[in-house]
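J.: One structure coming up, written as structure tokens, with questions to follow.
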There are 2 protein chains.
Amino acid sequence: MGRGRAANYDDQREMILDRAAALFAQRGSAGTSMNQVAEACGLSKATLYHYYTDKDALVASIAQGHVARLQEIVREALALEGLTPDERMRHMIRQLVDEYANAQNAHRVLTEDVRFLQPEVRERVLDQEREVVAGFAQVIGTLRPDLKAAALSKPLTMLLFGMINWMFTWMRPEGPMDYDAMAPVVTDLFLGGLGAVQAPGAQPPS
Amino acid sequence: MGRGRAANYDDQREMILDRAAALFAQRGSAGTSMNQVAEACGLSKATLYHYYTDKDALVASIAQGHVARLQEIVREALALEGLTPDERMRHMIRQLVDEYANAQNAHRVLTEDVRFLQPEVRERVLDQEREVVAGFAQVIGTLRPDLKAAALSKPLTMLLFGMINWMFTWMRPEGPMDYDAMAPVVTDLFLGGLGAVQAPGAQPPS
DNA sequence: CCTACCGATCGGTAGG
DNA sequence: CCTACCGATCGGTAGG
């Protein structure tokens with residue numbers, strides 16, 4: 001390869017991210033020492049610090065990689081043509097649940113540890129999250145323009161995210177219900193309920 | 001008073017619990033040192049340890065006090081007579097949101113830090129939580145017996161809890177929406193959506 | 001209710 | 001002048 005980074009530099013970075021995410025998801029990032037991360041990676045701590053400047057860099061990279069995939073899902077879903085808003089919403093929820101299921105450790109880090117990052121890094125991750133929320137809110141606004149006018153699109157999006165995020169804290173993958181079975185339940189509940197929500201001080205929709 | 005605990009022993013315990021809950025909610029229990037707790041209480045670390053044996057005892061007491069109030073809410077709501085299931089559900093959600101709003105720090109500790117407790121203590125808290133969940137699931141089962149038969153009462157309860165729990169992570173009390181305004185939105189969404197959920201492999205209800 | 005400490009481990013970095 | 005690492009240890013602080 002000549003000069004520059006080793007061929008497996010990026011592979012090492014990814015391996016570290018994976019193992020760190022598993023530890024952080026289990027014990028929390030504050031409850032995990034860099035020694036434990038190094039040990040789980042089969043590296044000395046000095047080598048670990050060669051790849052990532054500090055613990056926050058690990059937390060940030062784990063979260064950013066995950067939320068970047070969520071952004072991609074939303075962008076692709078909004079670009080799909082010939083879908084009714086209802087169909088688009090179903091598609092987006094399904095894709096979201098699939099990504100969460102594929103990245104459970106990263107998802108836990110995103111929802112529980114990002115808030116402890118330095119403001120600057122944290123804001124960058126939150127900006128990514130805002131785009132994801134905005135994508136969902138946009139479709140919800142199409143389904144219920146009156147709720148959008150009442151500034152309820154984003155709160156409703158957050159309620160949807162609450163159901164799904166929380167799902168991944170209480171469901172054990174080996175349990176009687178699996179994510180695949182829950183996705184349509186969540187979708188039916190949310191889309192069905194959306195028709196029943198009343199804008200504050202307004203008449204229910206016809 | 002003679003022998004025994006000081007007159008203000010219980011007051012001190014409560015004061016400590018309050019300050020500790022505020023710190024734990026802000027930085028996480030793993031990210032908070034007992035020195036910080038002692039300082040926030042205006043006590044030496046040794047005095048703090050006179051009131052609580054260790055950090056886990058603080059976390060457990062904070063969580064147990066909060067979930068005990070949730071249990072009380074559920075018991076009272078189930079004992080109310082002359083309510084339709086729909087009315088009972090609305091009442092329970094409203095009471096739940098009110099208690100969460102009154103105990104936001106304790107609520108954060110319950111949802112984020114209890115999982116790091118030793119199994120024995122954690123199970124005691126989880127048993128309390130299970131009673132709360134069972135109460136909601138019971139009313140949901142009355143509203144949709146077919147979903148209860150499909151073992152969906154508890155998953156649906158967890159989706160409701162997800163919306164509400166998550167609400168308290170993203171809403172700032174000074175924001176445009178407040179908990180009071182969100183409670184009916186959550187209730188409408190959930191009760192409205194409940195009618196749209198299909199039991200897996202079954203026909204939708206008439 | 002305090003000062004004075006402990007064994008151990010923390011996150012992070014030195015020289016080579 | 002660079003990278004990829006190592007064994008050893010830094011100054012401070014953790015829970016108790």
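To be explicit about the labels: the chains of the structure tokens are called A, B, and onward in the order shown, and within each one the residues are counted from 1, while ligands get numbers from 1 in the order they are shown.
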With a distance threshold of 8 Å and counting only C-alpha atoms, extract the residues of chain A near chain B and express them as an MDAnalysis selection string.

T.: chainID A and resid 27 30:31 112 116 158:167 181 185:186 188:198 200

J.: Just want the 12 Å neighbourhood of DC10 of chain C, counted on only C-alpha atoms (C1' of nucleotides), with same-chain residues fewer than 6 positions away dropped. Output as a VMD selection string.

T.: (chain A and resid 30 to 36) or (chain D and resid 11 to 15)

J.: Produce a file of the selected residues containing N, CA and C atoms (P, O5', C5', C4', C3', O3' and C1' of nucleotides), as a PDB file, in the first residue's frame.

T.:
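Writing done, so here's again-v6.pdb:
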```pdb
ATOM      1  N   ALA A  30     -20.977   5.747  30.781  1.00  0.00           N
ATOM      2  CA  ALA A  30     -20.338   6.204  32.022  1.00  0.00           C
ATOM      3  C   ALA A  30     -19.949   5.021  32.894  1.00  0.00           C
ATOM      4  N   GLY A  31     -20.626   3.911  32.729  1.00  0.00           N
ATOM      5  CA  GLY A  31     -20.326   2.733  33.528  1.00  0.00           C
ATOM      6  C   GLY A  31     -19.326   1.792  32.884  1.00  0.00           C
ATOM      7  N   THR A  32     -18.813   2.182  31.730  1.00  0.00           N
ATOM      8  CA  THR A  32     -17.828   1.369  31.008  1.00  0.00           C
ATOM      9  C   THR A  32     -16.492   2.095  30.978  1.00  0.00           C
ATOM     10  N   SER A  33     -15.410   1.419  31.354  1.00  0.00           N
ATOM     11  CA  SER A  33     -14.088   2.053  31.317  1.00  0.00           C
ATOM     12  C   SER A  33     -13.427   1.791  29.968  1.00  0.00           C
ATOM     13  N   MET A  34     -12.536   2.673  29.605  1.00  0.00           N
ATOM     14  CA  MET A  34     -11.799   2.482  28.364  1.00  0.00           C
ATOM     15  C   MET A  34     -10.941   1.218  28.443  1.00  0.00           C
ATOM     16  N   ASN A  35     -10.541   0.843  29.647  1.00  0.00           N
ATOM     17  CA  ASN A  35      -9.838  -0.431  29.830  1.00  0.00           C
ATOM     18  C   ASN A  35     -10.720  -1.601  29.395  1.00  0.00           C
ATOM     19  N   GLN A  36     -11.999  -1.542  29.753  1.00  0.00           N
ATOM     20  CA  GLN A  36     -12.914  -2.617  29.370  1.00  0.00           C
ATOM     21  C   GLN A  36     -13.111  -2.651  27.856  1.00  0.00           C
TER      22      GLN A  36
ATOM     23  P    DG D  11       2.881  12.346  38.586  1.00  0.00           P
ATOM     24  O5'  DG D  11       1.451  13.036  38.527  1.00  0.00           O
ATOM     25  C5'  DG D  11       1.172  13.982  37.503  1.00  0.00           C
ATOM     26  C4'  DG D  11      -0.306  14.304  37.492  1.00  0.00           C
ATOM     27  C3'  DG D  11      -0.851  14.814  38.828  1.00  0.00           C
ATOM     28  O3'  DG D  11      -1.899  15.738  38.566  1.00  0.00           O
ATOM     29  C1'  DG D  11      -1.922  12.798  38.301  1.00  0.00           C
ATOM     30  P    DG D  12      -2.495  16.643  39.776  1.00  0.00           P
ATOM     31  O5'  DG D  12      -4.011  16.193  39.825  1.00  0.00           O
ATOM     32  C5'  DG D  12      -4.297  14.825  39.777  1.00  0.00           C
ATOM     33  C4'  DG D  12      -5.736  14.605  39.450  1.00  0.00           C
ATOM     34  C3'  DG D  12      -6.643  14.883  40.647  1.00  0.00           C
ATOM     35  O3'  DG D  12      -7.949  15.239  40.179  1.00  0.00           O
ATOM     36  C1'  DG D  12      -6.455  12.529  40.276  1.00  0.00           C
ATOM     37  P    DT D  13      -9.151  15.597  41.133  1.00  0.00           P
ATOM     38  O5'  DT D  13      -9.930  14.210  41.266  1.00  0.00           O
ATOM     39  C5'  DT D  13     -10.419  13.575  40.090  1.00  0.00           C
ATOM     40  C4'  DT D  13     -11.085  12.268  40.469  1.00  0.00           C
ATOM     41  C3'  DT D  13     -12.048  12.401  41.661  1.00  0.00           C
ATOM     42  O3'  DT D  13     -13.271  11.823  41.276  1.00  0.00           O
ATOM     43  C1'  DT D  13     -10.568  10.596  41.988  1.00  0.00           C
ATOM     44  P    DA D  14     -14.596  11.963  42.134  1.00  0.00           P
ATOM     45  O5'  DA D  14     -15.089  10.452  42.205  1.00  0.00           O
ATOM     46  C5'  DA D  14     -15.153   9.709  41.004  1.00  0.00           C
ATOM     47  C4'  DA D  14     -15.168   8.224  41.320  1.00  0.00           C
ATOM     48  C3'  DA D  14     -15.987   7.857  42.551  1.00  0.00           C
ATOM     49  O3'  DA D  14     -17.302   7.544  42.123  1.00  0.00           O
ATOM     50  C1'  DA D  14     -13.850   6.838  42.666  1.00  0.00           C
ATOM     51  P    DG D  15     -18.458   7.625  43.212  1.00  0.00           P
ATOM     52  O5'  DG D  15     -18.281   6.293  44.061  1.00  0.00           O
ATOM     53  C5'  DG D  15     -18.374   5.023  43.425  1.00  0.00           C
ATOM     54  C4'  DG D  15     -18.059   3.950  44.439  1.00  0.00           C
ATOM     55  C3'  DG D  15     -19.023   3.921  45.624  1.00  0.00           C
ATOM     56  O3'  DG D  15     -19.231   2.570  46.024  1.00  0.00           O
ATOM     57  C1'  DG D  15     -16.838   4.359  46.389  1.00  0.00           C
TER      58       DG D  15
END
```

J.: Hey, what's within 12 Å of DA4 of chain C if we count only C-alpha atoms (C1' of nucleotides) and toss same-chain stuff fewer than 2 positions away? As a PyMOL selection string, please?

T.: (chain B and resi 46) or (chain C and resi 2+6)

J.: Could you give me, as JSON lines, every chain B residue with an atom at most 12 Å from chain C, plus its closest atom pair and distance in Å to one decimal, counting only C-alpha atoms (C1' of nucleotides), rows ordered by chain then number?

T.:
```
{"residue": "B:Gly42", "atom": "CA", "partner": "C:DC1", "partner_atom": "C1'", "distance": 11.8}
{"residue": "B:Leu43", "atom": "CA", "partner": "C:DC1", "partner_atom": "C1'", "distance": 8.6}
{"residue": "B:Ser44", "atom": "CA", "partner": "C:DC2", "partner_atom": "C1'", "distance": 7.4}
{"residue": "B:Lys45", "atom": "CA", "partner": "C:DC2", "partner_atom": "C1'", "distance": 9.4}
{"residue": "B:Ala46", "atom": "CA", "partner": "C:DC2", "partner_atom": "C1'", "distance": 7.7}
{"residue": "B:Thr47", "atom": "CA", "partner": "C:DC1", "partner_atom": "C1'", "distance": 5.9}
{"residue": "B:Leu48", "atom": "CA", "partner": "C:DC1", "partner_atom": "C1'", "distance": 9.6}
{"residue": "B:Tyr49", "atom": "CA", "partner": "C:DC1", "partner_atom": "C1'", "distance": 10.7}
{"residue": "B:His50", "atom": "CA", "partner": "C:DC1", "partner_atom": "C1'", "distance": 8.9}
{"residue": "B:Tyr51", "atom": "CA", "partner": "C:DC1", "partner_atom": "C1'", "distance": 11.2}
```

J.: Between atom CA of Ala63 of chain B and atom CA of Val125 of chain B, what is the spacing in Å?

T.: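 Interatomic distance here is 7.3 Å.
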
J.: Extract the full set of helix (DSSP H, G or I) residues from chain A according to DSSP on the backbone, and format it as an MDAnalysis selection string.

T.: chainID A and resid 9:27 34:41 45:51 55:79 85:102 104:112 114:116 119:143 145:149 153:170 179:194

J.: Report, in Å with one decimal, the straight-line distance from atom CA of Ala103 of chain A to atom CA of Thr157 of chain A.

T.: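 Interatomic distance, atom CA of Ala103 of chain A to atom CA of Thr157 of chain A: 20.8 Å.
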
J.: Hey, can you check how far atom CA of Asp18 of chain A sits from atom CA of Gln118 of chain A?

T.: 21.9 Å
